[in-house]
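Visitor: The structure's right below; bear with me while I get my questions together.
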Amino acid sequence: MKTKFLALSPLAAGILIWSAGSVVQAQATDFLNQDTLTGDWGGARAQLKNDGVTLSGEYVSETAGVLHGGESYGTRYAQQVKVGATFDLNKMFDAEHAGTLQVTINDRRGRSTSSDLVGNRLPVQEDVGGEYTRLSEFSYANWLLTPKLTYKVGLMAMGNDFGGMPILGNFVNAGFDAHPLSLSGSSGWGNYPTAHFGGELRYDFNESWALHTAIFNVNPQTNSAPSKAFKPFSSGTTGAIIPVELIYSYHGFLPGQYKFGYYHDTSKVARIGDSQSKSSGRSGGYVLADQTVWQSQALKSQNLHVFGQWTTTDAATAPFRHWYAAGLILNGPFESRPKDSIAIGYGKASYNRKSRDVDIANMRAAGNYAGADAAENLSMAEQLVELSYNVQATPWLSVRPSLQYDKDPGAFSSKVITDAWVAAVQVKIEL
């Protein structure tokens, strides 16, 4: 199968061409030190922000190839371009309580190394999926009664605000990046760039404790259908998902953050192994932790974080039963590279025993006795180790090489697949 190494959508091509034109006009010194690739547009960007309109854009590419193992050798390229605007209505209308409007459009293109070459469940590239342009957020946010009580309503990806921690953006594999995949893999939970209509409510008790909850509609048809990309009220809703998250933030010399979450999806789905019986809903829980364990006295940007994750899902309906992860992130590893970072993580994704039994029964029914016998002795979990180094080349450009080892990549497909070594590189440009 031939691979398109670079496949730009019209949106991505237009943005990059426009960016290149702006770069030509920029002075070399400013170009290397400015916050974004396209700079301040001769002061127009800063003026817009001062007037209440903040424009943003980002290009991310992830190229990954199989070094050993998996189902076949090769390399795949994937990319994501997103553009957005935040409208501070307080500034725009000279008001004190007008709120904020957020609009984001996302475009993804490319091929998946996991789907095409490895055959595993935890995607090697985080930005793979849904090869089309879509509206990813159209939301309004404000406070209610007191600034401590905030709300947001509209079209948005719930994974942007629930079940994640920013520090996990130090990885390339989607198993680590941002939020545990067991949440979206076992319920109606929605992660970026897929958005669903909903509303959020958050109360900050003090600087340390906050309670965050929401309700989002669950519509599986909007997750992958290009025709639904700009139709938030499309038919196909199966229920609603309600997350509740308790957040503890420690602000001492060694800061940390801990999240304790629970969700319930009211969608009635078939029970695993019994298609005639439907559940009354799907529930799950999670604990996420990010703790600074060392801080340099000489260099503020130099510190060491440890993170941990644990999730549990509905045993009757969820193929993705549990997720466990832990790792370390060292920021500012060298005095000469204060903005760089090194990350290493270990993750374990557990397949539901009931799902494996169904796979084996289907193989036997199809006459694939050898495959069924092999699946009987196959591990019930896919395990992942990733080591990455982020080079912050300029304020707007980062390059992140990554080495990943995937053990038992066929656990979720009940297939015998050789353990895989994968090399990847992520390039991120703030436009």
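Here's how to read the names in the structure tokens: chain A, B, ... by the order shown, residue numbers from 1 in each chain, ligand numbers from 1 in the order shown.
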As a list in words, list the residues of range 89-313 of chain A assigned to alpha helix (DSSP H) by DSSP on the backbone atoms of this structure.
Guide: Leu89, Asn90, Lys91, Met92, Thr113, Leu181, Ser182, Leu183, Ser184 and Gly185 of chain A
Visitor: Residues of range 327-409 of chain A within 12 Å of range 166-172 of chain A: nearest atom pair and distance (Å, one decimal) for each, counting only C-alpha atoms, sorted by chain and number, as CSV?
Guide:
residue,atom,partner,partner_atom,distance
A:Gly327,CA,A:Leu168,CA,9.6
A:Leu328,CA,A:Leu168,CA,10.0
A:Ile329,CA,A:Asn170,CA,7.7
A:Leu330,CA,A:Asn170,CA,10.0
A:Asn331,CA,A:Asn170,CA,10.0
A:Asp340,CA,A:Asn170,CA,10.3
A:Ser341,CA,A:Asn170,CA,7.8
A:Ile342,CA,A:Asn170,CA,7.9
A:Ala343,CA,A:Asn170,CA,6.4
A:Ile344,CA,A:Phe171,CA,8.2
A:Gly345,CA,A:Phe171,CA,8.3
A:Tyr346,CA,A:Phe171,CA,11.1
A:Gly347,CA,A:Phe171,CA,11.9
A:Leu384,CA,A:Phe171,CA,11.9
A:Val385,CA,A:Phe171,CA,10.5
A:Glu386,CA,A:Phe171,CA,7.5
A:Leu387,CA,A:Phe171,CA,8.0
A:Ser388,CA,A:Phe171,CA,6.5
A:Tyr389,CA,A:Asn170,CA,8.3
A:Asn390,CA,A:Asn170,CA,7.4
A:Val391,CA,A:Asn170,CA,10.9
A:Gln392,CA,A:Asn170,CA,11.7
A:Ser398,CA,A:Asn170,CA,11.0
A:Val399,CA,A:Asn170,CA,11.0
A:Arg400,CA,A:Val172,CA,8.0
A:Pro401,CA,A:Val172,CA,8.6
A:Ser402,CA,A:Val172,CA,6.9
A:Leu403,CA,A:Val172,CA,9.3
A:Gln404,CA,A:Val172,CA,9.1
Visitor: Give the answer as one residue: which of A:Asn120, A:Asn50, A:Thr113, A:Gln79 has the shortest atom-to-atom distance to Asp94 in chain A, using only C-alpha atoms?
Guide: A:Asn50
Visitor: Given only C-alpha atoms as the basis, pick out the residue of A:Arg111, A:Arg271, A:Lys278, A:Arg337 nearest to Ala64 in chain A.
Guide: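 The answer is A:Arg111, which sits nearest to Ala64 in chain A.
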Visitor: With a distance cut-off of 12 Å and only C-alpha atoms, select the neighbouring residues of Ala298 in chain A, excluding the residue or stretch itself and same-chain residues fewer than 2 positions from it, and output the selection as a VMD selection string.
Guide: chain A and resid 295 to 296 300 to 303 332 334 to 335 338
Visitor: Just to be explicit: take each residue in the selection above, keep N, CA and C atoms, and write the result as a CSV table (one decimal), in the first residue's frame.
Guide:
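File produced: out11.csv:
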chain,number,residue,atom,x,y,z
A,295,GLN,N,12.8,20.6,42.7
A,295,GLN,CA,12.9,21.9,42.1
A,295,GLN,C,14.3,22.5,42.3
A,296,SER,N,14.9,22.9,41.2
A,296,SER,CA,16.2,23.5,41.3
A,296,SER,C,16.2,24.8,42.0
A,300,LYS,N,14.6,28.2,37.9
A,300,LYS,CA,13.2,28.1,38.2
A,300,LYS,C,12.6,27.1,37.2
A,301,SER,N,13.0,27.0,35.9
A,301,SER,CA,12.4,26.1,35.0
A,301,SER,C,12.9,24.7,35.1
A,302,GLN,N,13.8,24.4,36.0
A,302,GLN,CA,14.4,23.1,36.1
A,302,GLN,C,13.7,22.3,37.3
A,303,ASN,N,12.9,21.3,37.0
A,303,ASN,CA,12.2,20.6,38.0
A,303,ASN,C,11.8,19.2,37.5
A,332,GLY,N,13.8,21.4,31.8
A,332,GLY,CA,15.0,22.1,31.9
A,332,GLY,C,16.2,21.1,32.2
A,334,PHE,N,19.1,20.6,31.1
A,334,PHE,CA,20.4,21.2,31.1
A,334,PHE,C,20.3,22.7,31.2
A,335,GLU,N,21.3,23.3,31.9
A,335,GLU,CA,21.2,24.8,32.1
A,335,GLU,C,21.2,25.5,30.8
A,338,PRO,N,17.0,25.4,29.0
A,338,PRO,CA,16.1,25.5,30.1
A,338,PRO,C,14.6,25.2,29.7
Visitor: Between A:Asn191, A:Ser379, A:Asn219, A:Gln102, which one has atoms that come closest to Lys152 in chain A, using only C-alpha atoms?
Guide: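 Among the listed residues, A:Gln102 lies closest to Lys152 in chain A.
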Visitor: Taking only C-alpha atoms into account, which of A:Gly84, A:Pro255, A:Thr313, A:Thr213 comes nearest Pro180 in chain A?
Guide: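 Comparing A:Gly84, A:Pro255, A:Thr313, A:Thr213 against Pro180 in chain A, the winner is A:Thr313.
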Visitor: Where does DSSP see strand (DSSP E or B) in range 59-262 of chain A, if you list the residues as a count of residues only?
Guide: 99
Visitor: Find the spatial neighbours of Pro226 in chain A, counting only C-alpha atoms, within a cut-off of 10 Å - ignore same-chain residues fewer than 2 positions away - and output them as a list in words.
Guide: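 Skipping anything fewer than 2 positions along the chain leaves Gly130, Glu131, Tyr132, Thr133, Arg134, Gln221, Thr222, Asn223, Ser224, Lys228, Ala229, Phe230 and Lys231 of chain A.
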Visitor: Kindly export the residues of the current selection with N, CA and C atoms, as a PDB file, in the first residue's frame.
Guide:
ATOM      1  N   GLY A 130     -10.115  10.777  12.134  1.00  0.00           N
ATOM      2  CA  GLY A 130     -11.077  11.706  11.574  1.00  0.00           C
ATOM      3  C   GLY A 130     -10.471  12.615  10.536  1.00  0.00           C
ATOM      4  N   GLU A 131     -10.166  12.097   9.356  1.00  0.00           N
ATOM      5  CA  GLU A 131      -9.459  12.866   8.327  1.00  0.00           C
ATOM      6  C   GLU A 131     -10.371  13.872   7.625  1.00  0.00           C
ATOM      7  N   TYR A 132     -10.723  14.928   8.341  1.00  0.00           N
ATOM      8  CA  TYR A 132     -11.535  15.973   7.736  1.00  0.00           C
ATOM      9  C   TYR A 132     -11.549  17.197   8.641  1.00  0.00           C
ATOM     10  N   THR A 133     -12.012  18.304   8.082  1.00  0.00           N
ATOM     11  CA  THR A 133     -12.115  19.551   8.834  1.00  0.00           C
ATOM     12  C   THR A 133     -13.416  19.554   9.624  1.00  0.00           C
ATOM     13  N   ARG A 134     -13.333  19.987  10.898  1.00  0.00           N
ATOM     14  CA  ARG A 134     -14.536  19.970  11.717  1.00  0.00           C
ATOM     15  C   ARG A 134     -14.540  21.138  12.712  1.00  0.00           C
ATOM     16  N   GLN A 221     -22.515   8.919  16.157  1.00  0.00           N
ATOM     17  CA  GLN A 221     -22.461   9.219  14.724  1.00  0.00           C
ATOM     18  C   GLN A 221     -21.607  10.446  14.424  1.00  0.00           C
ATOM     19  N   THR A 222     -21.495  11.378  15.366  1.00  0.00           N
ATOM     20  CA  THR A 222     -20.720  12.592  15.105  1.00  0.00           C
ATOM     21  C   THR A 222     -19.223  12.373  15.257  1.00  0.00           C
ATOM     22  N   ASN A 223     -18.812  11.218  15.798  1.00  0.00           N
ATOM     23  CA  ASN A 223     -17.400  10.991  16.081  1.00  0.00           C
ATOM     24  C   ASN A 223     -16.543  10.829  14.835  1.00  0.00           C
ATOM     25  N   SER A 224     -17.089  10.233  13.768  1.00  0.00           N
ATOM     26  CA  SER A 224     -16.255   9.909  12.621  1.00  0.00           C
ATOM     27  C   SER A 224     -16.870  10.270  11.279  1.00  0.00           C
ATOM     28  N   LYS A 228     -21.128  15.150   9.574  1.00  0.00           N
ATOM     29  CA  LYS A 228     -21.587  15.705  10.852  1.00  0.00           C
ATOM     30  C   LYS A 228     -20.613  16.741  11.418  1.00  0.00           C
ATOM     31  N   ALA A 229     -19.568  17.078  10.663  1.00  0.00           N
ATOM     32  CA  ALA A 229     -18.494  17.914  11.193  1.00  0.00           C
ATOM     33  C   ALA A 229     -18.950  19.296  11.628  1.00  0.00           C
ATOM     34  N   PHE A 230     -19.973  19.846  10.992  1.00  0.00           N
ATOM     35  CA  PHE A 230     -20.479  21.171  11.349  1.00  0.00           C
ATOM     36  C   PHE A 230     -21.975  21.115  11.674  1.00  0.00           C
ATOM     37  N   LYS A 231     -22.435  19.942  12.180  1.00  0.00           N
ATOM     38  CA  LYS A 231     -23.841  19.774  12.512  1.00  0.00           C
ATOM     39  C   LYS A 231     -23.977  19.254  13.942  1.00  0.00           C
TER      40      LYS A 231
END
